[in-house]
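Reading through the structure tokens given below for one structure.
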Amino acid sequence: MSADVRPIAASELTQWMQTVNTGFLTASAVTESDAAQRARHSDPARIVGAFDRRTGACVGTLRSFRQELTVPGGAAVVSSALTNVTVLPTHRRQGLLTRMVAADAAASAERGDAVSTLIAAEYPIYGRYGYGPAASITEWEIDVPRTGLDLRRSVTGDGGRIDLVDAAEVRRVGPALHERLRRERHGMVSRDERWWALATGLEQWSHRPYLEGFQAVYRTAEGEVAGLVRYTADDAWGDAKVPMNTVRVRELLAATSAAERALWHYVCSIDWVQKVRTGYRAPDDLLPHLLPDPRAARPVTSADFLWVRVLDVVRALGARTYAVPGTLVLEVRDPGGPAAGRYRLDAGTGECARTREPADLSLDVSALGALYLGDESAVRLGTLGRAAEERPGALALADAVFRTARRPWCPDVF
């Protein structure tokens, strides 16, 4: 082994952060303020580095933190969220990433975390470690003149109203709105106070300056906050002084369909705006069909996003609800990992337990992660050779059991 993998010492934090920056192709130096901020908001035991034995240099990084993931039915499970995962180009193909991820998985299982989650920058990497793509995103670009909306006004038509607000108001009303929505939409993850501080410029990194923008909230006729949008706009003009501006939605949260409709109409009705980029939405988002002409919303990005690795099968499967009743015995392959074993799932009661009964379905833990939030088809996984039917009809039953009416959505990068 050419490197040691271990939690870093406090004196190594700045070096570790510089390795993160290098791995993510960020050339700026780590400031004292950056290091103090990371130390203030991280668990030292969960900041892991790979250190070259010859030079002592940090050549690989990984950090995890506690997060809650909402699962179908509205319950939340504790997740070990992975981030800041890098290996320098000088030390690739030496098994460092494998060792760092395995160490975090073992520690997470020991803590009792049900799953581990991450946002994969590259597709081919994390399936090797038991992660499966569990929630996808789509981004649309709206051609505003084509929408068919009455752009002369942005009235809500339901007695509600839209108010422009400052960042302080977003920090005041945003967390409660997000929690309300998170308890209803599987795939969403928890946010702490610091998330809102970074999102609104109260805190920022030296290499990632806060981008000043605009904020608006939707209030019902009774004054309740039911929606929030944060957005930025460029300053582009064409020939003959024709405005060609684009609004980029940084976040749009809506607890009701009325709030969602009103906020999309609002961003499309801003003067001088010809295009609206929606940001990352669920693939089955209501947006295109909130416009008189849905074709005005052109998909520009469609990709996997949130990946899930099941650590505790009993706890993870027992936390969510299922679309139809039925019993499945799952043989989960997880070589050297905590999820390996045979499990009996009663989808009617939601109970899951280890068993010695004959398996109905066998699959890798990465395939179980892909199924977990209801976005993937068990039949499709079977056709791809990623799940095997041990009892006739088991794939079809698993499809009916695991799939959800709405697709999961995770709007957060972490």
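Ordering of the structure tokens sets the chain letters (A, B, ...), residue numbers begin anew at 1 in every chain, and ligands are numbered from 1 in the order given.
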>> Taking the DSSP secondary structure from the backbone, can you list the residues of stretch 135-288 of chain A that are alpha helix (DSSP H), as a PyMOL selection string?
In response: chain A and resi 167-182+193-199+257-268
> Contacts of A:Asp166 at 12 Å or less, counting only C-alpha atoms, minus same-chain residues fewer than 4 places along, as a ChimeraX atom specification?
Replying inline: /A:170-174,200-202,212-217,228-230
> Which is closer to A:Arg111 than all the others in A:Leu97, A:Ser80, A:Val314, A:Leu13, using only C-alpha atoms?
Replying inline: A:Ser80
>> I need the residues of stretch 9-120 of chain A that end up classed as strand (DSSP E or B) by DSSP on the backbone, written out as a ChimeraX atom specification.
In response: /A:47-52,58-70,76-87,115-119
>> Just want the 9 Å neighbourhood of A:Phe414, counted on only C-alpha atoms, with same-chain residues fewer than 2 positions away dropped. Output as number ranges by chain.
In response: A: 81-84, 118-119, 412
>> Could you list, as a PyMOL selection string, every residue within 12 Å of A:Ile125, counting only C-alpha atoms and ignoring same-chain residues fewer than 4 positions away?
In response: chain A and resi 85-86+93+97-98+101+118-121+129-133+307+366
Would you mind exporting N, CA, C and O atoms of the selected residues as a short mmCIF file (atom, residue, chain, number, x, y, z; two decimals), in the first residue's frame?
data_model
loop_
_atom_site.label_atom_id
_atom_site.label_comp_id
_atom_site.auth_asym_id
_atom_site.auth_seq_id
_atom_site.Cartn_x
_atom_site.Cartn_y
_atom_site.Cartn_z
N VAL A 85 -15.40 13.78 -2.25
CA VAL A 85 -14.69 12.54 -2.58
C VAL A 85 -13.75 12.78 -3.75
O VAL A 85 -14.20 13.11 -4.86
N THR A 86 -12.44 12.66 -3.52
CA THR A 86 -11.47 12.86 -4.59
C THR A 86 -10.27 11.93 -4.40
O THR A 86 -9.97 11.51 -3.29
N ARG A 93 -6.01 4.56 -9.40
CA ARG A 93 -5.84 3.13 -9.65
C ARG A 93 -4.92 2.45 -8.62
O ARG A 93 -4.23 1.49 -8.94
N LEU A 97 -9.71 5.03 -3.28
CA LEU A 97 -11.14 5.31 -3.18
C LEU A 97 -11.87 4.12 -2.57
O LEU A 97 -12.74 4.29 -1.71
N THR A 98 -11.52 2.92 -3.00
CA THR A 98 -12.15 1.72 -2.45
C THR A 98 -11.97 1.65 -0.95
O THR A 98 -12.92 1.36 -0.20
N VAL A 101 -14.14 4.54 0.83
CA VAL A 101 -15.58 4.27 0.81
C VAL A 101 -15.91 3.09 1.72
O VAL A 101 -16.90 3.11 2.46
N LEU A 118 -25.16 9.80 -1.99
CA LEU A 118 -24.22 10.72 -2.62
C LEU A 118 -24.81 11.22 -3.93
O LEU A 118 -25.76 10.65 -4.47
N ILE A 119 -24.24 12.32 -4.43
CA ILE A 119 -24.53 12.82 -5.77
C ILE A 119 -23.32 12.46 -6.62
O ILE A 119 -22.21 12.95 -6.38
N ALA A 120 -23.51 11.59 -7.60
CA ALA A 120 -22.39 11.07 -8.38
C ALA A 120 -22.02 12.04 -9.50
O ALA A 120 -22.84 12.32 -10.38
N ALA A 121 -20.77 12.52 -9.47
CA ALA A 121 -20.29 13.35 -10.56
C ALA A 121 -20.07 12.51 -11.82
O ALA A 121 -20.30 12.98 -12.94
N TYR A 129 -19.32 0.11 -5.48
CA TYR A 129 -19.33 0.15 -4.02
C TYR A 129 -20.73 -0.04 -3.45
O TYR A 129 -20.97 0.26 -2.28
N GLY A 130 -21.65 -0.52 -4.27
CA GLY A 130 -22.98 -0.86 -3.77
C GLY A 130 -24.03 0.22 -3.91
O GLY A 130 -25.16 0.05 -3.44
N TYR A 131 -23.68 1.34 -4.55
CA TYR A 131 -24.64 2.42 -4.73
C TYR A 131 -25.43 2.20 -6.02
O TYR A 131 -24.90 1.72 -7.02
N GLY A 132 -26.70 2.58 -5.99
CA GLY A 132 -27.53 2.52 -7.18
C GLY A 132 -28.20 3.86 -7.43
O GLY A 132 -28.57 4.56 -6.47
N PRO A 133 -28.38 4.25 -8.69
CA PRO A 133 -29.06 5.52 -9.00
C PRO A 133 -30.52 5.44 -8.62
O PRO A 133 -31.29 4.69 -9.22
N TRP A 307 -27.81 8.90 -5.54
CA TRP A 307 -27.49 7.48 -5.48
C TRP A 307 -27.63 7.00 -4.04
O TRP A 307 -27.29 7.73 -3.08
N SER A 366 -26.51 -2.83 -5.06
CA SER A 366 -26.66 -1.63 -5.89
C SER A 366 -28.02 -1.61 -6.59
O SER A 366 -28.63 -0.55 -6.75
#
> Any idea what's packed within 6 Å of stretch 245-257 of chain A, counting only C-alpha atoms, ignoring anything in its chain fewer than 5 positions away? Could you give it as a PyMOL selection string?
Replying inline: chain A and resi 181+226-236+272-279
>> Which residue is closest to A:Trp195? Choose from A:His41, A:Ala347, A:Thr138, A:His91 and count only C-alpha atoms.
In response: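 So, comparing all the options, the nearest one is A:His41.
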Rows by chain and residue number, stretch 287-359 of chain A within 6 Å of stretch 139-155 of chain A, shortest pair, only C-alpha atoms, as a Markdown table:
| residue | atom | partner | partner_atom | distance |
| --- | --- | --- | --- | --- |
| A:Leu291 | CA | A:Thr147 | CA | 5.8 |
| A:Pro292 | CA | A:Gly148 | CA | 5.3 |
| A:Asp293 | CA | A:Thr147 | CA | 5.1 |
| A:Ala296 | CA | A:Asp143 | CA | 5.1 |
| A:Ala297 | CA | A:Ile142 | CA | 4.3 |
| A:Arg298 | CA | A:Trp140 | CA | 5.2 |
| A:Pro299 | CA | A:Trp140 | CA | 4.3 |
| A:Val300 | CA | A:Trp140 | CA | 5.5 |
| A:Thr301 | CA | A:Glu139 | CA | 5.0 |
>> To one decimal place in Å, what is the distance between atom CA of A:Glu68 and atom CA of A:Ala262?
In response: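 Distance between the two atoms: 29.5 Å.
Of note, atom CA of A:Ala339 and atom CA of A:Glu184 are spaced 27.5 Å apart.
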> In Å, with one decimal, what is the gap from atom CA of A:Ser269 to atom CA of A:Glu169?
Replying inline: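 For atom CA of A:Ser269 relative to atom CA of A:Glu169, the distance reads 22.7 Å.
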> Which one is closest to A:Arg281: A:Ile137, A:Ala359, A:Leu25, A:Val115? Count only C-alpha atoms.
Replying inline: A:Ile137
>> Can you pull out the residues contacting A:Thr327? Cut-off 9 Å, using only C-alpha atoms, and skip same-chain residues under 2 positions away; I want them as a list in words.
In response: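 That gives Pro325, Val329, Arg344, Leu345, Asp346, Ala347, Gly348 and Leu397 of chain A.
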> Any idea what's packed within 9 Å of A:Ala75, counting only C-alpha atoms, ignoring anything in its chain fewer than 2 positions away? Could you give it as a ChimeraX atom specification?
Replying inline: /A:69-73,77,183-184,186,319-321
Those same residues - C-alpha atoms - I'd like them written as a PDB file, in the first residue's frame.
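The resulting part.pdb:
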ATOM      1  CA  LEU A  69     -33.661  10.934   3.599  1.00  0.00           C
ATOM      2  CA  THR A  70     -37.419  10.916   3.098  1.00  0.00           C
ATOM      3  CA  VAL A  71     -38.667   7.557   1.824  1.00  0.00           C
ATOM      4  CA  PRO A  72     -42.000   6.569   0.237  1.00  0.00           C
ATOM      5  CA  GLY A  73     -44.746   7.048   2.804  1.00  0.00           C
ATOM      6  CA  VAL A  77     -34.182   7.275   7.514  1.00  0.00           C
ATOM      7  CA  ARG A 183     -42.272  15.204   4.744  1.00  0.00           C
ATOM      8  CA  GLU A 184     -44.470  14.765   1.675  1.00  0.00           C
ATOM      9  CA  HIS A 186     -39.707  11.069  -1.048  1.00  0.00           C
ATOM     10  CA  ALA A 319     -39.166   2.381   7.040  1.00  0.00           C
ATOM     11  CA  ARG A 320     -40.974   2.901   3.738  1.00  0.00           C
ATOM     12  CA  THR A 321     -44.483   1.999   2.601  1.00  0.00           C
TER      13      THR A 321
END
Could you list, with a cut-off of 9 Å and counting only C-alpha atoms, the residues of stretch 121-166 of chain A near stretch 373-388 of chain A, each shown with its nearest atom pair and the distance in Å rounded to one decimal, rows sorted by chain and ascending number, as a tab-separated table?
residue	atom	partner	partner_atom	distance
A:Pro133	CA	A:Glu376	CA	8.6
A:Ala134	CA	A:Leu373	CA	6.0
A:Ala135	CA	A:Asp375	CA	6.3
A:Ser136	CA	A:Asp375	CA	8.2
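Residue nearest A:Gly341, chosen from A:Ala367, A:Glu222, A:Val313, A:Gly60 and counting only C-alpha atoms: A:Val313.
Nearest residue to A:Ala102 among A:Asp334, A:Asp163, A:Glu224, A:Asp52 is A:Asp334, counting only C-alpha atoms.
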> Which of these residues is nearest to A:Leu263, using only C-alpha atoms: A:Gly160, A:Pro294, A:Gly326, A:Pro283?
Replying inline: A:Gly160
